[in-house]
Structure formats: C-alpha cells, structure tokens
file my_file34.csv (CSV, C-alpha atoms)
chain,number,residue,atom,x,y,z
A,17,MET,CA,0.0,0.0,0.0
A,18,ARG,CA,1.0,3.6,-0.5
A,19,ILE,CA,-0.3,7.0,0.5
A,20,LYS,CA,-1.8,9.2,-2.2
A,21,ASN,CA,-3.3,12.7,-1.5
A,22,TYR,CA,-6.7,13.4,-2.9
A,23,ASN,CA,-8.7,16.7,-3.1
A,24,SER,CA,-12.1,16.8,-1.5
A,25,LEU,CA,-14.0,20.1,-0.8
A,26,GLY,CA,-10.8,21.9,-1.6
A,27,LEU,CA,-8.9,20.1,1.1
A,28,THR,CA,-6.1,17.6,0.9
A,29,VAL,CA,-7.1,14.1,2.1
A,30,PRO,CA,-4.4,11.3,2.3
A,31,VAL,CA,-5.7,7.8,1.5
A,32,SER,CA,-4.0,4.5,1.5
A,33,VAL,CA,-4.2,3.0,-2.0
A,34,PHE,CA,-2.8,-0.1,-3.8
A,35,SER,CA,0.7,-0.1,-5.2
A,36,ASN,CA,0.1,-2.7,-8.0
A,37,ALA,CA,-2.5,-5.0,-9.6
A,38,THR,CA,-1.4,-8.1,-7.7
A,39,GLU,CA,-1.9,-6.3,-4.4
A,40,TYR,CA,-5.3,-5.1,-5.4
A,41,ASN,CA,-6.4,-8.6,-6.6
A,42,VAL,CA,-5.4,-10.2,-3.3
A,43,ALA,CA,-7.2,-7.4,-1.3
A,44,ALA,CA,-10.3,-7.9,-3.4
A,45,LYS,CA,-10.2,-11.7,-2.5
A,46,ARG,CA,-9.9,-12.6,-6.1
A,47,PRO,CA,-6.2,-13.4,-6.4
A,48,ASN,CA,-6.7,-15.7,-9.4
A,49,GLU,CA,-8.7,-13.2,-11.4
A,50,ASP,CA,-7.8,-9.9,-13.0
A,51,ALA,CA,-10.0,-8.1,-10.4
A,52,VAL,CA,-8.3,-4.7,-11.0
A,53,VAL,CA,-9.3,-4.7,-14.7
A,54,GLU,CA,-12.8,-5.9,-14.1
A,55,ASP,CA,-13.4,-3.3,-11.3
A,56,ALA,CA,-11.7,-0.5,-13.4
A,57,ASN,CA,-14.1,-1.4,-16.3
A,58,ASP,CA,-17.1,-1.3,-14.0
A,59,ASN,CA,-16.1,2.1,-12.6
A,60,LEU,CA,-15.3,3.6,-16.0
A,61,VAL,CA,-18.6,2.4,-17.5
A,62,TYR,CA,-20.7,3.6,-14.5
A,63,ARG,CA,-19.3,7.1,-14.5
A,64,GLY,CA,-18.7,7.4,-18.3
A,65,PRO,CA,-20.8,5.6,-20.9
A,66,LEU,CA,-23.7,4.8,-18.6
A,67,ALA,CA,-23.9,8.5,-17.5
A,68,ASP,CA,-24.0,9.6,-21.1
A,69,PHE,CA,-26.6,6.9,-21.9
A,70,ARG,CA,-28.9,7.9,-19.1
A,71,ASP,CA,-28.9,11.5,-20.1
A,72,GLU,CA,-29.4,10.9,-23.8
A,73,PHE,CA,-32.0,8.1,-23.2
A,74,CYS,CA,-34.2,10.4,-21.1
A,75,THR,CA,-34.0,13.0,-23.9
A,76,ALA,CA,-35.1,10.5,-26.4
A,77,VAL,CA,-37.9,9.2,-24.1
A,78,GLU,CA,-39.1,12.8,-23.5
A,79,THR,CA,-39.3,13.3,-27.3
A,80,ALA,CA,-41.0,10.0,-27.9
A,81,THR,CA,-43.6,10.3,-25.2
A,82,GLY,CA,-44.1,14.0,-24.8
A,83,ILE,CA,-43.7,13.7,-21.1
A,84,ALA,CA,-41.3,16.5,-20.0
A,85,ARG,CA,-38.6,16.0,-17.5
A,86,GLU,CA,-38.8,18.5,-14.7
A,87,LYS,CA,-36.4,21.3,-14.8
A,88,ALA,CA,-35.9,24.8,-13.2
A,89,PRO,CA,-34.1,28.0,-14.3
A,90,VAL,CA,-30.5,28.6,-13.2
A,91,LEU,CA,-30.3,31.9,-11.4
A,92,ASP,CA,-27.4,34.3,-11.1
A,93,LYS,CA,-26.3,36.2,-8.0
A,94,GLU,CA,-29.0,38.8,-8.6
A,95,GLY,CA,-31.7,36.2,-8.8
A,96,LYS,CA,-32.2,36.5,-12.5
A,97,GLN,CA,-32.2,33.6,-14.9
A,98,LYS,CA,-28.8,32.9,-16.4
A,99,VAL,CA,-28.4,33.3,-20.2
A,100,GLU,CA,-25.7,31.7,-22.3
A,101,ASP,CA,-25.3,32.2,-26.0
A,102,GLY,CA,-28.6,34.1,-26.0
A,103,GLU,CA,-30.5,31.1,-24.5
A,104,PRO,CA,-31.9,30.7,-20.9
A,105,VAL,CA,-30.0,28.2,-18.8
A,106,PHE,CA,-31.9,25.4,-17.0
A,107,GLU,CA,-31.0,22.6,-14.6
A,108,TRP,CA,-32.7,19.3,-14.0
A,109,THR,CA,-34.7,19.0,-10.8
A,110,GLU,CA,-35.6,15.3,-11.5
A,111,ASN,CA,-32.8,12.8,-11.9
A,112,GLU,CA,-32.9,10.2,-14.7
A,113,ALA,CA,-34.2,7.3,-12.6
A,114,LYS,CA,-37.0,9.3,-11.0
A,115,TYR,CA,-38.1,10.7,-14.4
A,116,PHE,CA,-38.1,7.2,-16.1
A,117,ARG,CA,-40.2,5.8,-13.2
A,118,ARG,CA,-42.7,8.6,-13.7
A,119,VAL,CA,-42.8,7.9,-17.5
A,120,ILE,CA,-43.4,4.2,-16.8
A,121,ALA,CA,-46.2,5.0,-14.3
A,122,THR,CA,-47.8,7.6,-16.6
A,123,THR,CA,-47.8,5.5,-19.7
A,124,ASN,CA,-48.5,2.2,-18.0
A,125,ARG,CA,-45.9,0.6,-20.2
A,126,ALA,CA,-43.3,-2.1,-19.3
A,127,VAL,CA,-39.7,-1.1,-18.9
A,128,GLU,CA,-38.8,-3.6,-21.7
A,129,SER,CA,-41.0,-1.7,-24.2
A,130,PHE,CA,-38.4,1.1,-24.2
A,131,GLN,CA,-35.6,-1.2,-25.2
A,132,GLU,CA,-35.8,-0.1,-28.8
A,133,ILE,CA,-35.1,3.5,-27.8
A,134,ALA,CA,-32.2,2.3,-25.6
A,135,ASP,CA,-30.7,0.4,-28.5
A,136,ALA,CA,-30.9,3.4,-30.7
A,137,VAL,CA,-29.2,5.7,-28.2
A,138,ALA,CA,-26.5,3.2,-27.4
A,139,THR,CA,-25.6,2.6,-31.1
A,140,ALA,CA,-25.8,6.2,-32.1
A,141,HIS,CA,-22.2,6.9,-30.9
A,142,VAL,CA,-19.5,6.8,-33.6
A,143,ASN,CA,-16.0,6.1,-32.4
A,144,GLU,CA,-12.6,7.1,-33.8
A,145,ASP,CA,-12.2,3.7,-35.5
A,146,GLU,CA,-15.7,4.3,-37.1
A,147,SER,CA,-17.2,1.6,-35.0
A,148,THR,CA,-20.5,2.4,-33.2
A,149,GLY,CA,-21.6,1.9,-29.6
A,150,LEU,CA,-20.6,3.1,-26.1
A,151,VAL,CA,-17.0,2.8,-25.2
A,152,ALA,CA,-15.3,3.1,-21.8
A,153,ASP,CA,-12.7,5.9,-21.9
A,154,PRO,CA,-10.0,5.9,-19.2
A,155,THR,CA,-8.8,9.4,-20.3
A,156,VAL,CA,-12.0,10.9,-18.9
A,157,ARG,CA,-11.5,11.8,-15.3
A,158,GLU,CA,-15.0,13.0,-14.3
A,159,ARG,CA,-18.2,13.9,-16.1
A,160,LYS,CA,-20.3,16.8,-14.9
A,161,PRO,CA,-24.1,16.3,-15.0
A,162,ALA,CA,-25.5,17.5,-18.3
A,163,GLY,CA,-28.3,20.1,-18.2
A,164,PRO,CA,-31.5,20.1,-20.2
A,165,LYS,CA,-30.9,20.1,-24.0
A,166,THR,CA,-33.5,22.5,-25.2
A,167,PRO,CA,-33.7,23.3,-29.0
A,168,ALA,CA,-32.5,26.8,-29.8
A,169,LYS,CA,-34.9,29.5,-31.1
A,170,ALA,CA,-33.3,29.1,-34.5
A,171,THR,CA,-34.3,25.4,-34.5
A,172,TYR,CA,-37.9,26.2,-33.7
A,173,ALA,CA,-37.8,28.8,-36.5
A,174,MET,CA,-36.6,26.1,-38.8
A,175,ALA,CA,-39.5,23.8,-37.8
A,176,ASP,CA,-41.9,26.7,-38.4
A,177,GLU,CA,-40.5,27.2,-41.9
A,178,LEU,CA,-40.8,23.5,-42.7
A,179,ILE,CA,-44.4,23.5,-41.6
A,180,LYS,CA,-45.1,26.7,-43.6
A,181,SER,CA,-43.5,25.3,-46.7
A,182,GLY,CA,-45.4,22.0,-46.5
A,183,LYS,CA,-42.2,19.9,-45.9
A,184,ALA,CA,-43.0,18.9,-42.3
A,185,SER,CA,-44.2,15.4,-43.0
A,186,HIS,CA,-41.3,14.6,-45.4
A,187,THR,CA,-38.7,16.0,-42.9
A,188,ALA,CA,-40.3,14.1,-40.0
A,189,ALA,CA,-40.1,10.9,-42.1
A,190,ASP,CA,-36.4,11.5,-42.9
A,191,LEU,CA,-35.6,12.2,-39.2
A,192,THR,CA,-37.4,9.1,-38.2
A,193,LYS,CA,-35.1,7.0,-40.4
A,194,LEU,CA,-32.0,8.9,-39.2
A,195,LEU,CA,-32.7,8.7,-35.5
A,196,GLY,CA,-34.3,5.3,-35.5
A,197,ARG,CA,-37.4,6.4,-33.6
A,198,HIS,CA,-40.7,8.1,-34.6
A,199,VAL,CA,-40.6,11.8,-35.0
A,200,GLU,CA,-43.8,13.8,-35.0
A,201,HIS,CA,-44.3,16.4,-37.8
A,202,ASP,CA,-45.6,19.1,-35.5
A,203,ARG,CA,-43.5,22.1,-34.3
A,204,GLU,CA,-42.2,20.5,-31.1
A,205,GLY,CA,-41.6,17.1,-32.7
A,206,LEU,CA,-39.6,18.6,-35.6
A,207,ALA,CA,-37.6,21.0,-33.4
A,208,ARG,CA,-36.6,18.2,-31.0
A,209,GLY,CA,-35.9,15.8,-33.9
A,210,ILE,CA,-33.7,18.3,-35.6
A,211,HIS,CA,-31.9,19.2,-32.4
A,212,GLU,CA,-31.3,15.5,-31.6
A,213,TRP,CA,-29.9,14.9,-35.1
A,214,GLN,CA,-27.6,18.0,-34.8
A,215,LEU,CA,-26.2,16.6,-31.5
A,216,ALA,CA,-25.6,13.2,-33.1
A,217,GLU,CA,-23.7,14.9,-36.0
A,218,ILE,CA,-21.6,16.8,-33.4
A,219,ARG,CA,-20.7,13.6,-31.7
A,220,LYS,CA,-19.6,12.1,-35.0
A,221,VAL,CA,-17.3,15.0,-35.8
A,222,LYS,CA,-16.0,15.1,-32.2
A,223,ALA,CA,-15.2,11.4,-32.3
A,224,LYS,CA,-13.6,11.5,-35.7
A,225,PHE,CA,-11.3,14.5,-35.0
A,226,ALA,CA,-11.0,14.1,-31.2
A,227,LEU,CA,-12.5,17.6,-30.7
A,228,PRO,CA,-13.4,18.9,-27.2
A,229,SER,CA,-17.0,19.0,-26.0
A,230,THR,CA,-19.2,21.8,-27.3
A,231,SER,CA,-22.9,22.7,-26.8
A,232,ALA,CA,-23.1,24.6,-30.1
A,233,ALA,CA,-25.2,23.0,-32.8
A,234,PRO,CA,-24.3,23.3,-36.5
A,235,ALA,CA,-26.6,25.2,-38.9
A,236,THR,CA,-28.6,23.2,-41.4
A,237,ALA,CA,-29.7,24.3,-44.9
call {"tool": "encode", "arguments": {"input": "my_file34.csv", "output": "structure tokens"}}
result
Amino acid sequence: MRIKNYNSLGLTVPVSVFSNATEYNVAAKRPNEDAVVEDANDNLVYRGPLADFRDEFCTAVETATGIAREKAPVLDKEGKQKVEDGEPVFEWTENEAKYFRRVIATTNRAVESFQEIADAVATAHVNEDESTGLVADPTVRERKPAGPKTPAKATYAMADELIKSGKASHTAADLTKLLGRHVEHDREGLARGIHEWQLAEIRKVKAKFALPSTSAAPATA
C-alpha cells in the first residue's frame, strides 16, 4: 500500500491505495482473477458511458412520449435567470431514474417496451475507428451532469419554416429514419428531432477528429 493525496471540498485528504494490480487482486479476495481490470471497467462504465446513456436516453424518451422531465431555471447572483449564447439556462430537478419511473407509471408501459429506444441511443455513438456503440474511456476523469438540451430558437424557427412550406411530414419521415425512432411532424416534434440529429452529428465529428466538448449545434440548410 502507499499513501496518495486526494482533493475533496478543496482540502487535501491522504488515502492508502494499492501499489500494483497483484496487491489489489489479493485485497479484493480474487487473487486468481484480473480483479483490478474488471473493477476498473465497471467504474469507467458507470461514471462514463452509462452516464452519457442515461442523459441521452431520457431526452429520447421525452421526445417519444411528450412527457417532459422536470427542470428549473438557473439563477445568477441577482436572482435573474442565467443566459448563455442568448439562450436561458436550466438545470434538472428530476434525476434520470425518477423521471423514467414517472414515465413508466404515466404510460403504464413495461420497462422492456423502451428497449428499442435504448438500443438506438447506445448505437448512435460513432468512435474514432468508425465503430459504433458506447466505449469506456480511461482518459475521462470526471463527467459533470448535463443540463437540459432545449432546442434553440433558430431550431424552432426552422421547424416553423418547414411547416409553412409543407415539408413537415417529409422531414419528419427523414428524421425518423436517421434517428431510429418516430418523429412527429408538429412544431415541437420537428424541433426536437432536428436538435437530436444535430447533437448526433456533433458527436460524430468530435469522435472523428478528437475535438473537445461543445454545446453549439451546426446550422442546417
């Protein structure tokens, strides 16, 4: 064992940690297994890919069911709602598990009936090697909870224009194929479908070129 200093609440906290994999495996009472790798994988997946999945899954469920996840405005020091990039900022007041339980109770559907949405979310990720699916990434140290992903005003304006031009149904059908889930051709359905597609395109570019995270969505013609 060795002592390693960690930071908690801005303070230095010394903790005894393991010096090597063999020492860890013995302490875990699994000396004949590669316990350190299995536990590392479980930890990485829990705080990485599954965190991403839960957030994106709830967004997809909200779009598919029309049941909104509860949120509240983020206020500044003066008590006014924060605005970033011209858009009001919100935070979730309902975690993923509580929201999904409420959806299940409201729709009276079985959990398994949402597996198709889960599959679509899990396989939507495109990796650097052009494979698809969620991948554990040991370079990610900590993920901060994501806030509500609300379509921008420009996205709603785009939906309005599609409806006005008579292209709403055609666009909704295209988005349904692209996203692997049904997209309604009304204003809200189109805006959320376009927004979800934009986020998926951002993930593809970010994975291909190893770009840092961004909340900006690309413009579409």
call {"tool": "residues_around", "arguments": {"input": "my_file34.csv", "residues": "segment 200-216 of chain A", "least_positions_apart": "5", "cutoff": "6 Å", "atoms": "all atoms listed in the file", "output": "VMD selection string"}}
result
chain A and resid 167 171 to 172 175 184 to 185 188 233
call {"tool": "write_last_selection", "arguments": {"input": "my_file34.csv", "atoms": "C-alpha atoms", "output": "PDB file, in the frame of the given file"}}
result
ATOM      1  CA  PRO A 167     -33.700  23.300 -29.000  1.00  0.00           C
ATOM      2  CA  THR A 171     -34.300  25.400 -34.500  1.00  0.00           C
ATOM      3  CA  TYR A 172     -37.900  26.200 -33.700  1.00  0.00           C
ATOM      4  CA  ALA A 175     -39.500  23.800 -37.800  1.00  0.00           C
ATOM      5  CA  ALA A 184     -43.000  18.900 -42.300  1.00  0.00           C
ATOM      6  CA  SER A 185     -44.200  15.400 -43.000  1.00  0.00           C
ATOM      7  CA  ALA A 188     -40.300  14.100 -40.000  1.00  0.00           C
ATOM      8  CA  ALA A 233     -25.200  23.000 -32.800  1.00  0.00           C
TER       9      ALA A 233
END
call {"tool": "closest_residue", "arguments": {"input": "my_file34.csv", "among": "A:Ala76, A:Ala88, A:Glu100, A:Ala113", "to": "Ala134 of chain A", "atoms": "only C-alpha atoms"}}
result
A:Ala76
call {"tool": "atom_distance", "arguments": {"input": "my_file34.csv", "atom1": "atom CA of Val42 of chain A", "atom2": "atom CA of Pro30 of chain A"}}
result
22.2 Å
call {"tool": "atom_distance", "arguments": {"input": "my_file34.csv", "atom1": "atom CA of Val119 of chain A", "atom2": "atom CA of Phe73 of chain A"}}
result
12.2 Å
call {"tool": "closest_residue", "arguments": {"input": "my_file34.csv", "among": "A:Asp190, A:Glu177, A:Glu132, A:Glu39", "to": "Met17 of chain A", "atoms": "all atoms listed in the file"}}
result
A:Glu39
call {"tool": "decode", "arguments": {"input": "my_file34.csv", "residues": "segment 83-96 of chain A", "atoms": "all heavy atoms", "output": "compact mmCIF listing (two decimals), in the first residue's frame"}}
result
# COMPACT_ATOMS: atom_id res chain seq x y z
N ILE A 83 -43.66 13.46 -22.50
CA ILE A 83 -43.66 13.69 -21.05
C ILE A 83 -42.37 14.41 -20.70
O ILE A 83 -41.28 13.84 -20.80
CB ILE A 83 -43.77 12.37 -20.27
CG1 ILE A 83 -45.06 11.64 -20.65
CG2 ILE A 83 -43.71 12.63 -18.77
CD1 ILE A 83 -45.18 10.26 -20.04
N ALA A 84 -42.47 15.66 -20.30
CA ALA A 84 -41.29 16.48 -20.05
C ALA A 84 -40.63 16.14 -18.72
O ALA A 84 -41.31 15.87 -17.72
CB ALA A 84 -41.67 17.96 -20.07
N ARG A 85 -39.32 16.14 -18.73
CA ARG A 85 -38.56 15.95 -17.50
C ARG A 85 -38.52 17.28 -16.74
O ARG A 85 -38.36 18.35 -17.35
CB ARG A 85 -37.13 15.51 -17.85
CG ARG A 85 -36.26 15.15 -16.67
CD ARG A 85 -34.93 14.62 -17.17
NE ARG A 85 -33.94 14.52 -16.12
CZ ARG A 85 -32.65 14.25 -16.33
NH1 ARG A 85 -32.21 14.06 -17.57
NH2 ARG A 85 -31.81 14.18 -15.32
N GLU A 86 -38.69 17.24 -15.44
CA GLU A 86 -38.81 18.46 -14.65
C GLU A 86 -37.48 19.20 -14.59
O GLU A 86 -36.41 18.60 -14.39
CB GLU A 86 -39.28 18.12 -13.24
CG GLU A 86 -40.70 17.56 -13.21
CD GLU A 86 -41.13 17.15 -11.81
OE1 GLU A 86 -40.30 17.29 -10.87
OE2 GLU A 86 -42.27 16.68 -11.65
N LYS A 87 -37.55 20.51 -14.79
CA LYS A 87 -36.36 21.35 -14.76
C LYS A 87 -36.71 22.70 -14.15
O LYS A 87 -37.89 23.04 -13.99
CB LYS A 87 -35.81 21.55 -16.18
CG LYS A 87 -36.77 22.24 -17.13
CD LYS A 87 -36.22 22.30 -18.54
CE LYS A 87 -37.22 22.98 -19.48
NZ LYS A 87 -36.72 23.02 -20.87
N ALA A 88 -35.69 23.47 -13.80
CA ALA A 88 -35.88 24.78 -13.21
C ALA A 88 -34.82 25.73 -13.75
O ALA A 88 -33.72 25.29 -14.13
CB ALA A 88 -35.79 24.71 -11.68
N PRO A 89 -35.11 27.03 -13.81
CA PRO A 89 -34.13 27.99 -14.32
C PRO A 89 -32.93 28.12 -13.37
O PRO A 89 -33.09 28.05 -12.15
CB PRO A 89 -34.92 29.29 -14.41
CG PRO A 89 -36.04 29.12 -13.43
CD PRO A 89 -36.39 27.67 -13.47
N VAL A 90 -31.75 28.29 -13.95
CA VAL A 90 -30.54 28.56 -13.16
C VAL A 90 -30.44 30.06 -12.96
O VAL A 90 -30.47 30.83 -13.93
CB VAL A 90 -29.28 28.05 -13.89
CG1 VAL A 90 -28.02 28.42 -13.10
CG2 VAL A 90 -29.36 26.54 -14.08
N LEU A 91 -30.35 30.49 -11.71
CA LEU A 91 -30.35 31.92 -11.40
C LEU A 91 -28.94 32.43 -11.12
O LEU A 91 -28.08 31.70 -10.63
CB LEU A 91 -31.23 32.18 -10.18
CG LEU A 91 -32.68 31.66 -10.25
CD1 LEU A 91 -33.42 32.00 -8.97
CD2 LEU A 91 -33.40 32.22 -11.46
N ASP A 92 -28.71 33.70 -11.45
CA ASP A 92 -27.42 34.33 -11.15
C ASP A 92 -27.46 34.93 -9.75
O ASP A 92 -28.43 34.74 -9.00
CB ASP A 92 -27.07 35.38 -12.20
CG ASP A 92 -28.12 36.48 -12.30
OD1 ASP A 92 -28.88 36.67 -11.34
OD2 ASP A 92 -28.17 37.16 -13.35
N LYS A 93 -26.41 35.66 -9.37
CA LYS A 93 -26.33 36.23 -8.02
C LYS A 93 -27.42 37.25 -7.75
O LYS A 93 -27.78 37.50 -6.59
CB LYS A 93 -24.95 36.87 -7.83
CG LYS A 93 -23.79 35.88 -7.85
CD LYS A 93 -22.47 36.59 -7.65
CE LYS A 93 -21.32 35.59 -7.67
NZ LYS A 93 -19.99 36.26 -7.49
N GLU A 94 -27.96 37.83 -8.80
CA GLU A 94 -29.02 38.83 -8.63
C GLU A 94 -30.41 38.20 -8.66
O GLU A 94 -31.41 38.90 -8.59
CB GLU A 94 -28.90 39.88 -9.74
CG GLU A 94 -27.59 40.66 -9.70
CD GLU A 94 -27.49 41.65 -10.84
OE1 GLU A 94 -28.37 41.61 -11.74
OE2 GLU A 94 -26.54 42.45 -10.84
N GLY A 95 -30.46 36.89 -8.77
CA GLY A 95 -31.74 36.20 -8.79
C GLY A 95 -32.41 36.16 -10.14
O GLY A 95 -33.57 35.77 -10.26
N LYS A 96 -31.67 36.56 -11.18
CA LYS A 96 -32.21 36.53 -12.53
C LYS A 96 -31.74 35.26 -13.24
O LYS A 96 -30.67 34.73 -12.94
CB LYS A 96 -31.76 37.76 -13.32
CG LYS A 96 -32.25 39.08 -12.72
CD LYS A 96 -31.75 40.25 -13.55
CE LYS A 96 -32.23 41.58 -12.97
NZ LYS A 96 -31.73 42.74 -13.76
